[in-house]
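First comes the structure, then the notes that go with it.
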Amino acid sequence: MRRTRVKFCGLTRPEDVDAAVAAGADALGFVLWPGSKRAVDEARLAALAERVPAFVTRVGLFVDQDPALVERCAAHLDLLQFHGDEAPAECARFERAWIKALRMRDGLDLPAAVDAYAGARALLLDAYRPGVPGGTGATFDWSRIPASLAKPVILAGGLSAANAADAIAAVAPFALDVSGGIEAAPGVKDAERMAAFMAAVREGDARRP
Ligand SMILES: O=C(O)c1ccccc1N[C@@H]1O[C@H](COP(=O)(O)O)[C@@H](O)[C@H]1O
């Protein structure tokens, strides 16, 4: 059986990091963009990242930010997630693996984006809402994702325990990325919702042919 990887994003509290690890998340995301309700500063990032055990990936999320900040944060991270309009060269300038988030606005040419972001370890596909870089809680039309793309796909946008299995059936992504769907309030994760999300992913995986 193929196992869909899971990233829980927007962690701000030590107890949520511990609960996410206990739930079985493969990756934990920390939002360094100050415009987010889930933003953490460098000191909090360092404290949270220190709690993460080996074999769980620490991901830093940035939105068109100062390279000097990214560089400093990278010391606490395994993977960089660029969620703004960063050009490929801007993503690749750090000595860290990186992924690029693409918001599924009308007319987005995914195969062309795969070529443009050739150095990315995966592409994260999220809903498009004008003026909001991400974390909207909105889904998008999953049928817009081609059946085969020359990059691993991380599906994001409005996921929760209620639709995770359907998302796996529809897209067969490499991974799912969820933030709002596992929260009790913005930036406050909920252990039961995290566990329910993981159970839904396992159910989706079990249903796969
Ligand atoms: O979470 C945020 O506040 C955020 C801010 C700016 C860019 C991205 C952000 N989060 C990412 O958005 C997607 C979808 O989130 P949701 O599940 O719909 O709430 C996810 O990749 C988050 O990592």
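Just so we're on the same page: first chain in the structure tokens is A, next is B, and so on; residues restart at 1 for each chain, and ligands are numbered from 1 in the order they show up.
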For this session: Check every protein, DNA and RNA residue against ligand 1, keep those with an atom at most 8 Å away (counting only C-alpha atoms and all ligand atoms), and present them as a VMD selection string.
Result: chain A and resid 8 to 10 29 31 33 35 to 39 61 to 63 83 to 84 101 124 to 127 132 to 139 155 to 160 177 to 181
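Listed by chain and then by rising number, the residues of range 53-140 of chain A that DSSP assigns to alpha helix (DSSP H) from the backbone are Pro67, Ala68, Leu69, Val70, Glu71, Arg72, Cys73, Ala74, Pro88, Ala89, Glu90, Cys91, Ala92, Leu110, Pro111, Ala112, Ala113, Val114, Asp115 and Ala116 of chain A.
We find CA of Met1 in chain A and CA of Arg208 in chain A to be spaced 7.8 Å apart.
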Problem set entry | Selected residue of minimal separation from Glu90 in chain A among A:Val21, A:Ala162, A:Ile145, A:Val70, counting only C-alpha atoms | A:Val70
For this session: Could you give me, as JSON, numbers by chain, the residues within 7 Å of range 204-206 of chain A, counting only C-alpha atoms and dropping anything in the same chain fewer than 4 positions from it?
Result: {"A": [1, 2, 3, 4, 165, 166, 168, 169, 200]}
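Nearest residue to Leu28 in chain A among A:Asp78, A:Glu71, A:Asp106, A:Asp64 is A:Asp78, counting only C-alpha atoms.
Between CA of Ala116 in chain A and CA of Arg72 in chain A lies a distance of 26.1 Å.
Neighbouring residues of Arg93 in chain A at 12 Å or closer, counting only C-alpha atoms and skipping chain neighbours under 6 positions away, are Pro67, Ala68, Val70, Glu71, Ala74, Leu80, Glu86, Ala87, Gly119 and Ala120 of chain A.
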Problem set entry | Those of range 19-208 of chain A in DSSP strand (DSSP E), formatted as a ChimeraX atom specification | /A:27-31,57-62,79-82,97-103,123-126,153-156,175-178,183-185,188-189
Written file, previous selection with N, CA and C atoms, as a tab-separated table (two decimals), in the first residue's frame:
chain	number	residue	atom	x	y	z
A	27	ALA	N	5.78	15.75	8.45
A	27	ALA	CA	6.42	17.07	8.38
A	27	ALA	C	5.60	18.08	9.16
A	28	LEU	N	6.30	19.03	9.77
A	28	LEU	CA	5.65	20.08	10.55
A	28	LEU	C	6.04	21.42	9.93
A	29	GLY	N	5.04	22.28	9.70
A	29	GLY	CA	5.31	23.57	9.07
A	29	GLY	C	5.23	24.72	10.05
A	30	PHE	N	6.17	25.65	9.91
A	30	PHE	CA	6.23	26.84	10.75
A	30	PHE	C	6.16	28.05	9.82
A	31	VAL	N	5.18	28.93	10.08
A	31	VAL	CA	4.95	30.07	9.20
A	31	VAL	C	5.78	31.25	9.69
A	57	THR	N	10.23	16.01	9.37
A	57	THR	CA	10.81	17.13	8.62
A	57	THR	C	10.28	18.48	9.13
A	58	ARG	N	11.21	19.38	9.39
A	58	ARG	CA	10.85	20.73	9.85
A	58	ARG	C	10.85	21.66	8.63
A	59	VAL	N	9.68	22.24	8.36
A	59	VAL	CA	9.49	23.04	7.15
A	59	VAL	C	9.23	24.49	7.54
A	60	GLY	N	9.94	25.42	6.93
A	60	GLY	CA	9.69	26.86	7.15
A	60	GLY	C	8.96	27.45	5.97
A	61	LEU	N	7.88	28.17	6.25
A	61	LEU	CA	7.07	28.77	5.19
A	61	LEU	C	7.36	30.26	5.10
A	62	PHE	N	7.69	30.70	3.89
A	62	PHE	CA	8.05	32.11	3.65
A	62	PHE	C	7.21	32.66	2.50
A	79	LEU	N	13.66	21.93	5.40
A	79	LEU	CA	13.06	22.19	4.09
A	79	LEU	C	12.45	23.58	4.09
A	80	LEU	N	12.59	24.29	2.97
A	80	LEU	CA	12.02	25.63	2.84
A	80	LEU	C	10.80	25.57	1.91
A	81	GLN	N	9.72	26.21	2.32
A	81	GLN	CA	8.50	26.28	1.50
A	81	GLN	C	8.29	27.73	1.10
A	82	PHE	N	8.34	28.00	-0.21
A	82	PHE	CA	8.17	29.36	-0.71
A	82	PHE	C	6.74	29.51	-1.21
A	97	ALA	N	17.06	22.08	0.88
A	97	ALA	CA	16.04	21.60	-0.06
A	97	ALA	C	14.82	22.53	0.04
A	98	TRP	N	14.08	22.66	-1.05
A	98	TRP	CA	12.94	23.58	-1.05
A	98	TRP	C	11.80	23.05	-1.90
A	99	ILE	N	10.61	23.56	-1.57
A	99	ILE	CA	9.42	23.28	-2.38
A	99	ILE	C	8.79	24.62	-2.75
A	100	LYS	N	8.04	24.63	-3.83
A	100	LYS	CA	7.36	25.87	-4.26
A	100	LYS	C	5.86	25.67	-4.20
A	101	ALA	N	5.18	26.59	-3.53
A	101	ALA	CA	3.71	26.59	-3.53
A	101	ALA	C	3.21	27.36	-4.73
A	102	LEU	N	2.23	26.80	-5.40
A	102	LEU	CA	1.58	27.48	-6.52
A	102	LEU	C	0.11	27.60	-6.20
A	103	ARG	N	-0.43	28.78	-6.35
A	103	ARG	CA	-1.86	28.97	-6.13
A	103	ARG	C	-2.56	28.77	-7.47
A	123	LEU	N	6.02	20.24	-5.78
A	123	LEU	CA	5.19	21.44	-5.93
A	123	LEU	C	3.99	21.29	-5.00
A	124	LEU	N	3.71	22.35	-4.26
A	124	LEU	CA	2.54	22.35	-3.37
A	124	LEU	C	1.46	23.16	-4.07
A	125	LEU	N	0.30	22.55	-4.25
A	125	LEU	CA	-0.78	23.21	-4.98
A	125	LEU	C	-1.86	23.64	-3.99
A	126	ASP	N	-2.18	24.92	-4.02
A	126	ASP	CA	-3.09	25.52	-3.03
A	126	ASP	C	-4.16	26.31	-3.78
A	153	VAL	N	3.47	15.91	-6.10
A	153	VAL	CA	2.45	16.93	-5.79
A	153	VAL	C	2.08	16.86	-4.31
A	154	ILE	N	2.13	18.02	-3.67
A	154	ILE	CA	1.62	18.15	-2.31
A	154	ILE	C	0.31	18.92	-2.44
A	155	LEU	N	-0.79	18.28	-2.08
A	155	LEU	CA	-2.09	18.92	-2.22
A	155	LEU	C	-2.42	19.68	-0.94
A	156	ALA	N	-2.86	20.94	-1.10
A	156	ALA	CA	-3.22	21.79	0.05
A	156	ALA	C	-4.50	22.55	-0.28
A	175	ALA	N	1.68	13.91	-1.10
A	175	ALA	CA	1.44	14.33	0.29
A	175	ALA	C	0.24	15.26	0.36
A	176	LEU	N	-0.33	15.35	1.56
A	176	LEU	CA	-1.35	16.35	1.87
A	176	LEU	C	-0.77	17.33	2.87
A	177	ASP	N	-1.19	18.59	2.74
A	177	ASP	CA	-0.74	19.65	3.64
A	177	ASP	C	-1.99	20.32	4.20
A	178	VAL	N	-2.08	20.38	5.51
A	178	VAL	CA	-3.30	20.93	6.14
A	178	VAL	C	-2.92	21.89	7.25
A	183	GLU	N	-7.40	22.75	13.22
A	183	GLU	CA	-7.30	23.78	14.25
A	183	GLU	C	-8.58	23.92	15.07
A	184	ALA	N	-8.40	24.32	16.34
A	184	ALA	CA	-9.52	24.72	17.19
A	184	ALA	C	-9.77	26.22	17.01
A	185	ALA	N	-8.69	26.95	16.73
A	185	ALA	CA	-8.73	28.40	16.48
A	185	ALA	C	-7.46	28.72	15.70
A	188	VAL	N	-3.96	27.54	16.76
A	188	VAL	CA	-4.13	26.61	17.89
A	188	VAL	C	-4.60	25.28	17.33
A	189	LYS	N	-3.70	24.31	17.29
A	189	LYS	CA	-4.06	23.01	16.72
A	189	LYS	C	-4.86	22.19	17.74
